[in-house]
Amino acid sequence: MLSERVDYVAPWWTYWLHNFPHVNLRFQSIDNTFRPQDENYQQSLMFLACVAAAALGLNLLALAVYLSCLCCCQTEEEEEETKKPNSCCVTWAAVAAGLLCCVAVGVGFYGNSETNDGVYQLTYSLYNANHTLAGVENLVTGTMGGMQSGLKEHLSRLDEIFATRRDFVQTLQFMQQMSDNIIKQLLGLPDWEQAKVDLSAVADHAAFIEYYRWLTYLLILILDLVVCLAACLGLAKQSRWLLTTMMVMGVLILILSWASLGADLATAVGISDFCVSPDKFIMNQTKDAISSDIVHYYLFCSQTLYNPFQQSLTVFQRSLATMQVQIQGLLQFAVPLFPTAERDLLSIQHLLNSSETSLHQLTALLDCRGLNKDYVDALMGVCYDGVEGVLYLCVFSLLTAAAFCTMLCAVPRAWRQITARDYEDIEEDDPFNPRARRLTPQQGNLHTFCSYRSSLGSHNSLHPPAVPPASNATVTEYMNQSAVFGGTPRYENVPLIGRGSPPPSPCRNRYSPSMRATYLSMTEDQMRHFGEDFQA
């Protein structure tokens with residue numbers, strides 16, 4: 001028994017998407033009626049995809065500007081107070097990116113599943129409707145074949161047998177008229193063959209596209225999750241090569257996210273345009289193949305609607321009933337006179353019984369409730385689950401873009417912190433520490449020891465004390481330093497080793513023994529007074 005009909009009502013989100021601006025590539029506003037064959041309508045959907053592509057370009061441009069500013073505005077002094085806020089900022093940015101990515105993947109899985117369920121319900125309904133139409137076609141073809149070939153053959157033999165009885169021959173002719181009348185009514189039914197092929201092709205095409213769509217999104221979701229986890233691992237392990245790889249993959253996923261957003265948005269708007277008024281589109285598509293009364297009967301199924309098949313089915317039933325009465329009369333009155341006619345009469349009776357069974361099945365299949373239920377189920381699958389799932393996929397694309405934008409902003413700062421921590425492990429007086437060389441003051445502002453001698457003479461209050469003898473340790477330390485650096489100008493900015501070390505080598509050849517003795521005999525107060533002049 002067929003269940004009670006459920007009316008289709010388009011969901012609110014389809015009306016929201018249907019009201020999106022429809023603009024072609026010439027920036028002309030067009031009607032939002034669903035017309036997939038119209039070029040302007042196709043361009044309006046392409047325009048939505050172009051909007052997403054423009055958003056991708058702006059996003060990449062903003063990231064490029066940010067990274068350029070980060071590289072150009074890098075401060076020369078990296079103090080501990082400035083490192084701690086940056087580290088906290090990078091940490092929170094990584095946490096935010098990870099949470100956004102997890103939420104995006106969850107939303108994406110749900111949206112992908114909902115879309116798949118909607119398309120599955122569509123294809124199931126289309127196959128079911130195709131099965132119904134195929135059953136109608138088989139019943140009509142079988143009944144017509146039985147009437148045209150089997151019944152005609154039996155009536156021809158009976159006509160020869162009853163040649164001597166004119167009344168029996170007239171009965172056979174009347175039965176032939178009833179048979180022709182049945183064939184005429186069956187021919188009046190619509191040709192469902194073309195509709196069956198179209199439904200089957202649509203279902204196969206939809207199932208094929210949905211399989212690869214579902215598989216593609218599944219791979220994208222897995223890729224997003226793997227890249228996000230790898231980026232978090234790179235930040236935790238402070239791995240430069242892993243962070244570099246994840247930045248490249250992040251840019252790729254960013255491009256995929258905006259591309260999928262454009263495709264999903266165009267698809268959602270197009271399907272919503274159909275879901276708002278599906279009856280009108282189907283009526284326009286089938287007006288040349290099937291009568292509008294028949295299409296209206298199935299689309300707006302109701303007990304109050306006129307059944308366009310009722311007259312044909314009624315004539316079919318009455319003709320069969322009349323033929324059954326004629327066969328019963330011949331079996332009763334003709335068989336005693338012509339025993340050889342019994343076999344053909346029984347065969348005709350069996351054929352009429354089979355035709356009556358086919359009539360009942362045909363009446364049930366042609367009833368509007370079966371095909372209308374498949375029609376409503378297909379709309380429910382596409383417009384409810386399908387469009388809802390596509391909207392969730394749009395949200396997934398936006399969340400993924402936000403997550404990987406945050407990650408791409410955080411990774412360069414994390415890279416700088418990793419580099420800074422590597423330098424923190426090197427002592428400040430290490431000659432191979434580039435930070436020590438970068439922090440050296442301008443050479444033009446330094447006072448060499450040569451100039452110190454002249455300035456020392458102008459300070460009458462300075463009286464150098466007695467020169468203590470230089471220890472062997474100091475001399476050995478200085479010699480070791482000279483042996484290591486070899487007087488190369490690259491290492492002239494290295495701080496002096498110990499308080500008793502001689503000044504740098506630019507004036508080394510001009511140092512007299514008295515000058516060296518004066519330098520080595522300076523007191524603490526004198527060193528504090530002239531300390532800035534001796535910093536290398």
# chains A, B, ... in the order shown; residues from 1 in each chain; ligands from 1
$ residues_around --residues "A:Val226" --least-positions-apart "5" --cutoff "12 Å" --atoms "only C-alpha atoms" --output "list in words"
Gly98, Cys101, Cys102, Val105, Leu219, Ile220, Leu221, Ala231, Cys232, Leu233, Met246, Met249, Gly250 and Ile253 of chain A
$ residues_around --residues "A:Ile183" --least-positions-apart "3" --cutoff "8 Å" --atoms "only C-alpha atoms" --output "VMD selection string"
chain A and resid 144 147 to 148 179 to 180 186 to 187
$ closest_atom_pairs --of "stretch 158-270 of chain A" --to "stretch 4-19 of chain A" --cutoff "10 Å" --atoms "only C-alpha atoms" --output "tab-separated table"
residue	atom	partner	partner_atom	distance
A:Leu265	CA	A:Leu17	CA	8.9
A:Ala266	CA	A:Leu17	CA	9.8
A:Ala268	CA	A:Leu17	CA	7.2
A:Val269	CA	A:Leu17	CA	5.3
A:Gly270	CA	A:His18	CA	7.9
$ write_last_selection --atoms "all heavy atoms" --output "short mmCIF file (atom, residue, chain, number, x, y, z; two decimals), in the first residue's frame"
data_model
loop_
_atom_site.label_atom_id
_atom_site.label_comp_id
_atom_site.auth_asym_id
_atom_site.auth_seq_id
_atom_site.Cartn_x
_atom_site.Cartn_y
_atom_site.Cartn_z
N LEU A 265 29.97 27.06 -3.90
CA LEU A 265 29.02 28.17 -3.89
C LEU A 265 28.22 28.21 -5.19
O LEU A 265 26.99 28.40 -5.17
CB LEU A 265 29.77 29.48 -3.67
CG LEU A 265 28.91 30.74 -3.53
CD1 LEU A 265 27.98 30.60 -2.34
CD2 LEU A 265 29.79 31.97 -3.39
N ALA A 266 28.89 28.05 -6.31
CA ALA A 266 28.17 28.04 -7.59
C ALA A 266 27.20 26.86 -7.66
O ALA A 266 26.07 27.00 -8.14
CB ALA A 266 29.17 27.97 -8.74
N ALA A 268 25.76 25.28 -5.08
CA ALA A 268 24.66 25.50 -4.15
C ALA A 268 23.65 26.50 -4.70
O ALA A 268 22.43 26.29 -4.59
CB ALA A 268 25.21 26.00 -2.80
N VAL A 269 24.12 27.57 -5.32
CA VAL A 269 23.20 28.57 -5.88
C VAL A 269 22.42 27.97 -7.05
O VAL A 269 21.20 28.17 -7.17
CB VAL A 269 23.98 29.82 -6.31
CG1 VAL A 269 23.09 30.77 -7.10
CG2 VAL A 269 24.57 30.53 -5.11
N GLY A 270 23.09 27.21 -7.92
CA GLY A 270 22.39 26.60 -9.05
C GLY A 270 21.33 25.61 -8.61
O GLY A 270 20.20 25.62 -9.12
#
$ closest_residue --among "A:Ser312, A:Ser397, A:Gln238, A:Asn24" --to "A:Ala263" --atoms "only C-alpha atoms"
A:Ser397
$ residues_around --residues "A:Gly386" --least-positions-apart "2" --cutoff "12 Å" --atoms "only C-alpha atoms" --output "PyMOL selection string"
chain A and resi 11+13-14+110-123+210+264+267-269+271-272+275+377-384+388-393
$ closest_residue --among "A:Ile255, A:Leu331, A:Leu243, A:Ala207" --to "A:Gln349" --atoms "only C-alpha atoms"
A:Leu331
$ atom_distance --atom1 "atom CA of A:Leu408" --atom2 "atom CA of A:Ala49"
24.2 Å
$ residues_around --residues "A:Asp198" --least-positions-apart "6" --cutoff "12 Å" --atoms "only C-alpha atoms" --output "list of chain:residue names"
A:Leu126, A:Tyr127, A:Ala129, A:Asn130, A:Leu133, A:Ala134, A:Trp192, A:Asp204, A:His205, A:Gln285, A:Thr286, A:Ala289
$ closest_residue --among "A:Gln176, A:Asn181, A:Ser319, A:Gln37" --to "A:His154" --atoms "only C-alpha atoms"
A:Gln176
$ closest_residue --among "A:Arg240, A:Phe208, A:Lys184, A:Cys72" --to "A:Trp415" --atoms "only C-alpha atoms"
A:Arg240
$ residues_around --residues "A:Cys368" --least-positions-apart "5" --cutoff "9 Å" --atoms "only C-alpha atoms" --output "VMD selection string"
chain A and resid 297 to 302 307 373
$ residues_around --residues "A:Asn353" --least-positions-apart "5" --cutoff "10 Å" --atoms "only C-alpha atoms" --output "ChimeraX atom specification"
/A:320-321,324,347-348,358-359
